[in-house]
Amino acid sequence: MKQQGRSPSWLARQLNCERQNIYSIYKRQSIDSAQLALIGQLLNIDFFDFYRRDTSTNNIQIAK
């Protein structure tokens, strides 16, 4: 979001929720895959690609 100049307020408006809900998402240990997909669409990022990158060895790589 920072790279795109997007704020938590922008994301909240896109998701039709309160800004506090966005901060709650930031604090979570995990996120629902449907919600992650929606946020990815809004940001034009395929977050699931991070998990598909190394399918030949079945190693899951998590980008940080």
# chains A, B, ... in the order shown; residues from 1 in each chain; ligands from 1
>>> residues_around(residues="segment 3-18 of chain A", least_positions_apart="3", cutoff="9 Å", atoms="only C-alpha atoms", output="PyMOL selection string")
chain A and resi 21-23+38-39+42-43
>>> select_by_dssp(residues="segment 9-53 of chain A", states="alpha helix (DSSP H)", output="ChimeraX atom specification")
/A:9-15,19-27,33-43,49-52
>>> write_last_selection(atoms="C-alpha atoms", output="tab-separated table (two decimals), in the first residue's frame")
chain	number	residue	atom	x	y	z
A	9	SER	CA	-8.47	5.04	4.96
A	10	TRP	CA	-8.42	4.33	1.22
A	11	LEU	CA	-8.56	0.58	1.82
A	12	ALA	CA	-11.37	1.00	4.33
A	13	ARG	CA	-13.41	2.95	1.78
A	14	GLN	CA	-12.78	0.28	-0.86
A	15	LEU	CA	-13.85	-2.49	1.52
A	19	ARG	CA	-10.52	2.39	9.22
A	20	GLN	CA	-10.16	0.63	12.58
A	21	ASN	CA	-11.06	-2.64	10.85
A	22	ILE	CA	-8.05	-2.20	8.58
A	23	TYR	CA	-5.75	-1.77	11.57
A	24	SER	CA	-7.31	-4.92	13.01
A	25	ILE	CA	-6.41	-6.79	9.83
A	26	TYR	CA	-2.81	-5.55	10.16
A	27	LYS	CA	-2.56	-7.00	13.67
A	33	SER	CA	-8.18	-16.13	1.85
A	34	ALA	CA	-11.25	-14.47	0.30
A	35	GLN	CA	-10.41	-11.21	2.07
A	36	LEU	CA	-6.78	-11.47	0.98
A	37	ALA	CA	-7.88	-12.06	-2.62
A	38	LEU	CA	-10.14	-9.00	-2.51
A	39	ILE	CA	-7.41	-6.79	-1.08
A	40	GLY	CA	-5.07	-8.15	-3.73
A	41	GLN	CA	-7.54	-7.21	-6.47
A	42	LEU	CA	-7.84	-3.70	-5.08
A	43	LEU	CA	-4.06	-3.33	-5.02
A	49	ASP	CA	1.79	-15.92	-6.19
A	50	PHE	CA	4.17	-15.77	-3.23
A	51	TYR	CA	2.99	-19.30	-2.34
A	52	ARG	CA	3.09	-20.64	-5.91
